[in-house]
Amino acid sequence: MKKTYRTLALTAGALVATGAHAQSSVQLYGLMDLSVPTYITHANANGDHVLGMGNAGEPWFSGSRWGVQGKEDLGGGNKLIFRLESEYVVANGQMEDSGQIFDRDAWVGLENDTIGKFTAGFQNTIARDAAAIYGDPYGSAKLRYEEGGWTNSNNFKQMIFYAAGATGTRYNNGLAWKKLFRNGLYLSAGYAFSNSTAFANGSTYQAAVGYNGGPFNVASFYNHVNNSGNTNQAWSIGGNYTFGIARVNAGYFRYLGNQGSLGQRQDNAWTVSFKLAPKGALDYEVGYQQMRVHNAAYNTDGNILNANTAAAFDPTQGVHNGFKETLYASTFYHLSKRTELYLAGDYMKLHGGYTVGTTFRRNTQLELTSGIRTRF
């Protein structure tokens with residue numbers, strides 16, 4: 001009987017294994033983002049500003065992370081796939097989420113040309129991935145199988161919570177399916193189990209549809225969240241258009257959140273952004289967003305909760321109307337395909353009864369930063 005030997009080779013951050021009957025690969029990868037210095041106004045109860053490294057150590061654009069991903073050819077066009085990904089803070093070397101080593105991804109799945117991609121475990125919500133093509137100007141313009149979405153450490157990134165499930169913008173105990181057809185049609189669906197005897201409470205189901213049309217791409221999602229005994233629903237539609245060296249993005253979000261005796265919260269939010277990428281090392285981005293709330297409850301600290309947040313609201317503080325608007329801009333200088341320097345900033349203004357904890361009862365906040373981001 002002829003023996004089959006498998007060899008392992010370590011190359012530039014990748015472990016590759018090959019055999020006579022199957023091809024498999026395991027890759028180590030990562031990203032580092034460090035924002036320094038960062039300047040933030042109204043950073044405490046006295047209204048003082050802060051100058052430091054990141055926003056409480058958090059980078060501006062991308063959570064720094066390392067991970068291991070792999071695939072195995074099972075034959076017949078079928079591939080076993082998996083990913084384990086952990087986030088850390090470059091400024092202090094700590095884990096992003098204490099006690100959770102793989103706090104970005106921990107999933108396994110199957111992929112082939114017929115069914116698309118099916119994964120199970122801890123992963124992005126499919127609504128987050130679908131809305132990434134219009135949520136801001138920094139991600140992929142096209143819908144794809146890879147996870148996307150926005151970071152949420154800045155004032156202009158909070159719209160991501162309209163795409164969140166019961167456990168945040170990533171599913172716990174989640175199932176996700178994505179299918180990208182050859183004609184550009186994109187379909188996806190996701191479900192997250194509550195893992196409790198109260199089957200529905202704490203669960204999430206979502207569906208998304210989109211189309212990659214070359215220079216024009218569009219997506220839409222529906223989101224249903226059962227959270228702390230209340231049902232939240234959201235839907236969104238948006239897209240982008242690329243012409244020459246420019247790309248414009250726009251999207252709309254509608255949110256309905258039940259609040260028990262306080263009635264239903266109703267949000268209307270929209271975003272528009274623009275990216276200019278001429279030949280050379282520089283590119284430029286600018287965006288504006290507005291989030292309007294109606295009949296929204298405060299939490300116990302007297303602030304408006306992000307959509308789909310499980311934290312309890314305080315019925316003694318009544319309900320409130322108002323809106324938040326944010327203008328942001330950035331420029332990148334690309335040192336190579338993997339490494340870039342950036343300058344960025346945003347300005348947020350609160351109106352009416354819209355309050356957030358980060359401004360300590362002030363109605364404006366300015367954030368400015370520079371930084372470096374590299375991938376390996």
# chains A, B, ... in the order shown; residues from 1 in each chain; ligands from 1
call {"tool": "residues_around", "arguments": {"residues": "segment 334-343 of chain A", "least_positions_apart": "3", "cutoff": "7 Å", "atoms": "only C-alpha atoms", "output": "ChimeraX atom specification"}}
result
/A:281-282,330-331,369-375
call {"tool": "write_last_selection", "arguments": {"atoms": "all heavy atoms", "output": "short mmCIF file (atom, residue, chain, number, x, y, z; two decimals), in the first residue's frame"}}
result
data_model
loop_
_atom_site.label_atom_id
_atom_site.label_comp_id
_atom_site.auth_asym_id
_atom_site.auth_seq_id
_atom_site.Cartn_x
_atom_site.Cartn_y
_atom_site.Cartn_z
N ALA A 281 -0.03 58.17 -4.13
CA ALA A 281 -0.05 57.59 -2.79
C ALA A 281 -1.19 58.08 -1.91
O ALA A 281 -1.46 57.50 -0.87
CB ALA A 281 1.28 57.89 -2.09
N LEU A 282 -1.89 59.15 -2.31
CA LEU A 282 -2.90 59.76 -1.45
C LEU A 282 -4.32 59.41 -1.88
O LEU A 282 -4.62 59.27 -3.07
CB LEU A 282 -2.74 61.28 -1.46
CG LEU A 282 -1.50 61.84 -0.76
CD1 LEU A 282 -1.30 63.30 -1.14
CD2 LEU A 282 -1.63 61.70 0.76
N SER A 330 -10.99 62.41 6.21
CA SER A 330 -9.70 61.75 6.41
C SER A 330 -8.89 61.82 5.13
O SER A 330 -9.43 62.06 4.03
CB SER A 330 -9.89 60.29 6.82
OG SER A 330 -10.58 59.57 5.81
N THR A 331 -7.60 61.58 5.28
CA THR A 331 -6.72 61.39 4.13
C THR A 331 -5.70 60.32 4.48
O THR A 331 -5.23 60.25 5.63
CB THR A 331 -6.02 62.70 3.72
OG1 THR A 331 -5.22 62.47 2.56
CG2 THR A 331 -5.14 63.23 4.83
N THR A 369 -7.11 63.11 14.88
CA THR A 369 -6.07 62.12 15.11
C THR A 369 -5.16 61.97 13.90
O THR A 369 -5.50 62.42 12.79
CB THR A 369 -6.68 60.75 15.45
OG1 THR A 369 -5.68 59.90 16.01
CG2 THR A 369 -7.26 60.08 14.22
N SER A 370 -4.03 61.34 14.10
CA SER A 370 -3.17 60.83 13.05
C SER A 370 -2.80 59.41 13.44
O SER A 370 -2.95 59.02 14.61
CB SER A 370 -1.92 61.70 12.89
OG SER A 370 -1.18 61.72 14.10
N GLY A 371 -2.32 58.63 12.49
CA GLY A 371 -2.01 57.26 12.84
C GLY A 371 -1.33 56.49 11.75
O GLY A 371 -1.07 57.00 10.65
N ILE A 372 -1.05 55.24 12.05
CA ILE A 372 -0.45 54.31 11.11
C ILE A 372 -1.19 52.98 11.18
O ILE A 372 -1.60 52.54 12.26
CB ILE A 372 1.07 54.12 11.40
CG1 ILE A 372 1.70 53.19 10.36
CG2 ILE A 372 1.29 53.60 12.82
CD1 ILE A 372 3.23 53.14 10.46
N ARG A 373 -1.36 52.37 10.02
CA ARG A 373 -2.02 51.07 9.95
C ARG A 373 -1.21 50.15 9.01
O ARG A 373 -0.82 50.57 7.93
CB ARG A 373 -3.45 51.22 9.44
CG ARG A 373 -4.24 49.94 9.40
CD ARG A 373 -5.72 50.20 9.16
NE ARG A 373 -5.97 50.84 7.87
CZ ARG A 373 -7.19 51.08 7.39
NH1 ARG A 373 -8.26 50.77 8.11
NH2 ARG A 373 -7.35 51.66 6.22
N THR A 374 -0.97 48.94 9.46
CA THR A 374 -0.22 47.99 8.64
C THR A 374 -0.82 46.60 8.78
O THR A 374 -1.41 46.27 9.81
CB THR A 374 1.28 47.97 9.04
OG1 THR A 374 2.02 47.17 8.12
CG2 THR A 374 1.47 47.44 10.45
N ARG A 375 -0.64 45.79 7.76
CA ARG A 375 -1.18 44.42 7.73
C ARG A 375 -0.04 43.43 7.54
O ARG A 375 0.96 43.75 6.93
CB ARG A 375 -2.18 44.29 6.58
CG ARG A 375 -3.34 45.27 6.66
CD ARG A 375 -4.02 45.44 5.32
NE ARG A 375 -5.07 46.45 5.35
CZ ARG A 375 -4.86 47.75 5.21
NH1 ARG A 375 -3.62 48.19 5.02
NH2 ARG A 375 -5.85 48.61 5.26
#
call {"tool": "residues_around", "arguments": {"residues": "Tyr171 of chain A", "least_positions_apart": "5", "cutoff": "9 Å", "atoms": "only C-alpha atoms", "output": "count of residues only"}}
result
13
call {"tool": "closest_residue", "arguments": {"among": "A:Tyr134, A:Ala311, A:Tyr298, A:Val319", "to": "Thr355 of chain A", "atoms": "only C-alpha atoms"}}
result
A:Tyr298
call {"tool": "residues_around", "arguments": {"residues": "Thr358 of chain A", "least_positions_apart": "3", "cutoff": "12 Å", "atoms": "only C-alpha atoms", "output": "list of chain:residue names"}}
result
A:Ile40, A:Thr41, A:His42, A:Ala43, A:Asn44, A:Ala45, A:Gly47, A:His49, A:Asn55, A:Ala56, A:Ser153, A:Asn154, A:Asn155, A:Asp301, A:Gly302, A:Asn303, A:Ile304, A:Met348, A:Leu350, A:Thr355, A:Arg361, A:Arg362, A:Asn363, A:Thr364, A:Gln365, A:Leu366, A:Glu367
call {"tool": "closest_atom_pairs", "arguments": {"of": "segment 169-240 of chain A", "to": "segment 101-109 of chain A", "cutoff": "10 Å", "atoms": "only C-alpha atoms", "output": "tab-separated table"}}
result
residue	atom	partner	partner_atom	distance
A:Arg170	CA	A:Arg104	CA	7.7
A:Tyr171	CA	A:Asp105	CA	9.6
A:Asn172	CA	A:Ala106	CA	9.6
A:Asn173	CA	A:Trp107	CA	9.5
A:Gly174	CA	A:Trp107	CA	8.9
A:Leu175	CA	A:Trp107	CA	9.3
A:Ala176	CA	A:Gly109	CA	9.2
A:Trp177	CA	A:Gly109	CA	9.6
call {"tool": "write_last_selection", "arguments": {"atoms": "N, CA and C atoms", "output": "PDB file, in the first residue's frame"}}
result
ATOM      1  N   ARG A 170     -21.868  41.284  16.289  1.00  0.00           N
ATOM      2  CA  ARG A 170     -21.477  39.911  15.964  1.00  0.00           C
ATOM      3  C   ARG A 170     -22.438  38.951  16.660  1.00  0.00           C
ATOM      4  N   TYR A 171     -22.789  37.878  15.954  1.00  0.00           N
ATOM      5  CA  TYR A 171     -23.652  36.856  16.538  1.00  0.00           C
ATOM      6  C   TYR A 171     -22.880  36.005  17.538  1.00  0.00           C
ATOM      7  N   ASN A 172     -23.463  35.751  18.710  1.00  0.00           N
ATOM      8  CA  ASN A 172     -23.125  34.562  19.487  1.00  0.00           C
ATOM      9  C   ASN A 172     -24.009  33.422  18.975  1.00  0.00           C
ATOM     10  N   ASN A 173     -23.489  32.210  18.940  1.00  0.00           N
ATOM     11  CA  ASN A 173     -24.290  31.036  18.543  1.00  0.00           C
ATOM     12  C   ASN A 173     -24.967  31.278  17.199  1.00  0.00           C
ATOM     13  N   GLY A 174     -24.205  31.810  16.245  1.00  0.00           N
ATOM     14  CA  GLY A 174     -24.798  32.288  14.995  1.00  0.00           C
ATOM     15  C   GLY A 174     -24.600  31.367  13.807  1.00  0.00           C
ATOM     16  N   LEU A 175     -25.581  31.388  12.934  1.00  0.00           N
ATOM     17  CA  LEU A 175     -25.526  30.744  11.624  1.00  0.00           C
ATOM     18  C   LEU A 175     -25.589  31.832  10.561  1.00  0.00           C
ATOM     19  N   ALA A 176     -24.789  31.709   9.522  1.00  0.00           N
ATOM     20  CA  ALA A 176     -24.786  32.701   8.444  1.00  0.00           C
ATOM     21  C   ALA A 176     -24.618  32.002   7.096  1.00  0.00           C
ATOM     22  N   TRP A 177     -25.409  32.439   6.138  1.00  0.00           N
ATOM     23  CA  TRP A 177     -25.327  31.904   4.770  1.00  0.00           C
ATOM     24  C   TRP A 177     -25.239  33.075   3.798  1.00  0.00           C
TER      25      TRP A 177
END
call {"tool": "select_by_dssp", "arguments": {"residues": "segment 81-228 of chain A", "states": "strand (DSSP E or B)", "output": "PyMOL selection string"}}
result
chain A and resi 81-88+95+105-112+116-124+165+168+170-180+185-192+204-213+216-227
call {"tool": "select_by_dssp", "arguments": {"residues": "segment 107-214 of chain A", "states": "alpha helix (DSSP H)", "output": "list in words"}}
result
Ile126, Ala127, Arg128, Asp129, Ala130, Ala131, Ala132, Ile133, Tyr134 and Gly135 of chain A
call {"tool": "write_last_selection", "arguments": {"atoms": "N, CA, C and O atoms", "output": "PDB file, in the first residue's frame"}}
result
ATOM      1  N   ILE A 126     -24.953  39.275   9.350  1.00  0.00           N
ATOM      2  CA  ILE A 126     -24.982  39.426   7.892  1.00  0.00           C
ATOM      3  C   ILE A 126     -25.490  40.811   7.496  1.00  0.00           C
ATOM      4  O   ILE A 126     -25.146  41.319   6.421  1.00  0.00           O
ATOM      5  N   ALA A 127     -26.284  41.457   8.357  1.00  0.00           N
ATOM      6  CA  ALA A 127     -26.731  42.824   8.074  1.00  0.00           C
ATOM      7  C   ALA A 127     -25.554  43.788   8.108  1.00  0.00           C
ATOM      8  O   ALA A 127     -25.466  44.708   7.282  1.00  0.00           O
ATOM      9  N   ARG A 128     -24.644  43.593   9.030  1.00  0.00           N
ATOM     10  CA  ARG A 128     -23.442  44.429   9.104  1.00  0.00           C
ATOM     11  C   ARG A 128     -22.624  44.291   7.823  1.00  0.00           C
ATOM     12  O   ARG A 128     -22.157  45.286   7.254  1.00  0.00           O
ATOM     13  N   ASP A 129     -22.451  43.076   7.354  1.00  0.00           N
ATOM     14  CA  ASP A 129     -21.661  42.844   6.141  1.00  0.00           C
ATOM     15  C   ASP A 129     -22.323  43.459   4.915  1.00  0.00           C
ATOM     16  O   ASP A 129     -21.654  44.034   4.054  1.00  0.00           O
ATOM     17  N   ALA A 130     -23.652  43.343   4.818  1.00  0.00           N
ATOM     18  CA  ALA A 130     -24.353  43.878   3.651  1.00  0.00           C
ATOM     19  C   ALA A 130     -24.291  45.398   3.612  1.00  0.00           C
ATOM     20  O   ALA A 130     -24.085  46.001   2.550  1.00  0.00           O
ATOM     21  N   ALA A 131     -24.474  46.045   4.769  1.00  0.00           N
ATOM     22  CA  ALA A 131     -24.491  47.507   4.821  1.00  0.00           C
ATOM     23  C   ALA A 131     -23.108  48.122   4.717  1.00  0.00           C
ATOM     24  O   ALA A 131     -22.985  49.343   4.567  1.00  0.00           O
ATOM     25  N   ALA A 132     -22.062  47.299   4.771  1.00  0.00           N
ATOM     26  CA  ALA A 132     -20.700  47.836   4.715  1.00  0.00           C
ATOM     27  C   ALA A 132     -20.404  48.552   3.408  1.00  0.00           C
ATOM     28  O   ALA A 132     -19.550  49.439   3.365  1.00  0.00           O
ATOM     29  N   ILE A 133     -21.111  48.212   2.316  1.00  0.00           N
ATOM     30  CA  ILE A 133     -20.788  48.827   1.021  1.00  0.00           C
ATOM     31  C   ILE A 133     -21.285  50.265   0.925  1.00  0.00           C
ATOM     32  O   ILE A 133     -20.912  50.978  -0.007  1.00  0.00           O
ATOM     33  N   TYR A 134     -22.126  50.700   1.886  1.00  0.00           N
ATOM     34  CA  TYR A 134     -22.587  52.092   1.873  1.00  0.00           C
ATOM     35  C   TYR A 134     -22.505  52.768   3.234  1.00  0.00           C
ATOM     36  O   TYR A 134     -22.762  53.959   3.352  1.00  0.00           O
ATOM     37  N   GLY A 135     -22.130  52.033   4.275  1.00  0.00           N
ATOM     38  CA  GLY A 135     -22.076  52.611   5.616  1.00  0.00           C
ATOM     39  C   GLY A 135     -21.019  53.677   5.787  1.00  0.00           C
ATOM     40  O   GLY A 135     -21.180  54.603   6.573  1.00  0.00           O
TER      41      GLY A 135
END
call {"tool": "residues_around", "arguments": {"residues": "Glu146 of chain A", "least_positions_apart": "2", "cutoff": "10 Å", "atoms": "only C-alpha atoms", "output": "VMD selection string"}}
result
chain A and resid 117 124 129 140 143 to 144 148 178
call {"tool": "write_last_selection", "arguments": {"atoms": "C-alpha atoms", "output": "PDB file, in the first residue's frame"}}
result
ATOM      1  CA  LYS A 117     -20.746  30.038   2.026  1.00  0.00           C
ATOM      2  CA  ASN A 124     -20.349  39.241  11.988  1.00  0.00           C
ATOM      3  CA  ASP A 129     -21.661  42.844   6.141  1.00  0.00           C
ATOM      4  CA  SER A 140     -15.202  47.215  -0.175  1.00  0.00           C
ATOM      5  CA  LEU A 143     -20.713  42.642  -1.814  1.00  0.00           C
ATOM      6  CA  ARG A 144     -18.592  39.581  -1.109  1.00  0.00           C
ATOM      7  CA  GLY A 148     -16.935  43.587   6.271  1.00  0.00           C
ATOM      8  CA  LYS A 178     -24.159  33.983   1.794  1.00  0.00           C
TER       9      LYS A 178
END
call {"tool": "closest_residue", "arguments": {"among": "A:Tyr333, A:Phe82, A:Phe199, A:Phe161", "to": "Ala234 of chain A", "atoms": "only C-alpha atoms"}}
result
A:Phe161
call {"tool": "closest_residue", "arguments": {"among": "A:Thr167, A:Asn308, A:Asn299, A:Asn195", "to": "Leu256 of chain A", "atoms": "only C-alpha atoms"}}
result
A:Asn308
call {"tool": "residues_around", "arguments": {"residues": "Leu262 of chain A", "least_positions_apart": "5", "cutoff": "8 Å", "atoms": "only C-alpha atoms", "output": "MDAnalysis selection string"}}
result
chainID A and resid 297 315 318:319
call {"tool": "write_last_selection", "arguments": {"atoms": "all heavy atoms", "output": "PDB file, in the first residue's frame"}}
result
ATOM      1  N   ALA A 297     -36.282  56.211  24.906  1.00  0.00           N
ATOM      2  CA  ALA A 297     -36.048  56.226  26.346  1.00  0.00           C
ATOM      3  C   ALA A 297     -34.571  56.462  26.654  1.00  0.00           C
ATOM      4  O   ALA A 297     -33.684  56.114  25.867  1.00  0.00           O
ATOM      5  CB  ALA A 297     -36.501  54.909  26.950  1.00  0.00           C
ATOM      6  N   PRO A 315     -37.552  53.953  32.922  1.00  0.00           N
ATOM      7  CA  PRO A 315     -38.876  54.519  32.617  1.00  0.00           C
ATOM      8  C   PRO A 315     -39.195  55.791  33.373  1.00  0.00           C
ATOM      9  O   PRO A 315     -40.080  56.553  32.977  1.00  0.00           O
ATOM     10  CB  PRO A 315     -39.833  53.378  33.015  1.00  0.00           C
ATOM     11  CG  PRO A 315     -39.073  52.565  33.998  1.00  0.00           C
ATOM     12  CD  PRO A 315     -37.634  52.644  33.581  1.00  0.00           C
ATOM     13  N   GLY A 318     -38.792  59.165  31.260  1.00  0.00           N
ATOM     14  CA  GLY A 318     -39.658  59.475  30.135  1.00  0.00           C
ATOM     15  C   GLY A 318     -39.024  59.151  28.797  1.00  0.00           C
ATOM     16  O   GLY A 318     -38.050  58.409  28.696  1.00  0.00           O
ATOM     17  N   VAL A 319     -39.591  59.735  27.732  1.00  0.00           N
ATOM     18  CA  VAL A 319     -39.098  59.516  26.373  1.00  0.00           C
ATOM     19  C   VAL A 319     -38.742  60.865  25.742  1.00  0.00           C
ATOM     20  O   VAL A 319     -39.238  61.914  26.159  1.00  0.00           O
ATOM     21  CB  VAL A 319     -40.144  58.780  25.507  1.00  0.00           C
ATOM     22  CG1 VAL A 319     -40.322  57.347  25.985  1.00  0.00           C
ATOM     23  CG2 VAL A 319     -41.475  59.517  25.514  1.00  0.00           C
TER      24      VAL A 319
END
call {"tool": "residues_around", "arguments": {"residues": "Gly52 of chain A", "least_positions_apart": "2", "cutoff": "8 Å", "atoms": "only C-alpha atoms", "output": "PyMOL selection string"}}
result
chain A and resi 36-39+50+54-55
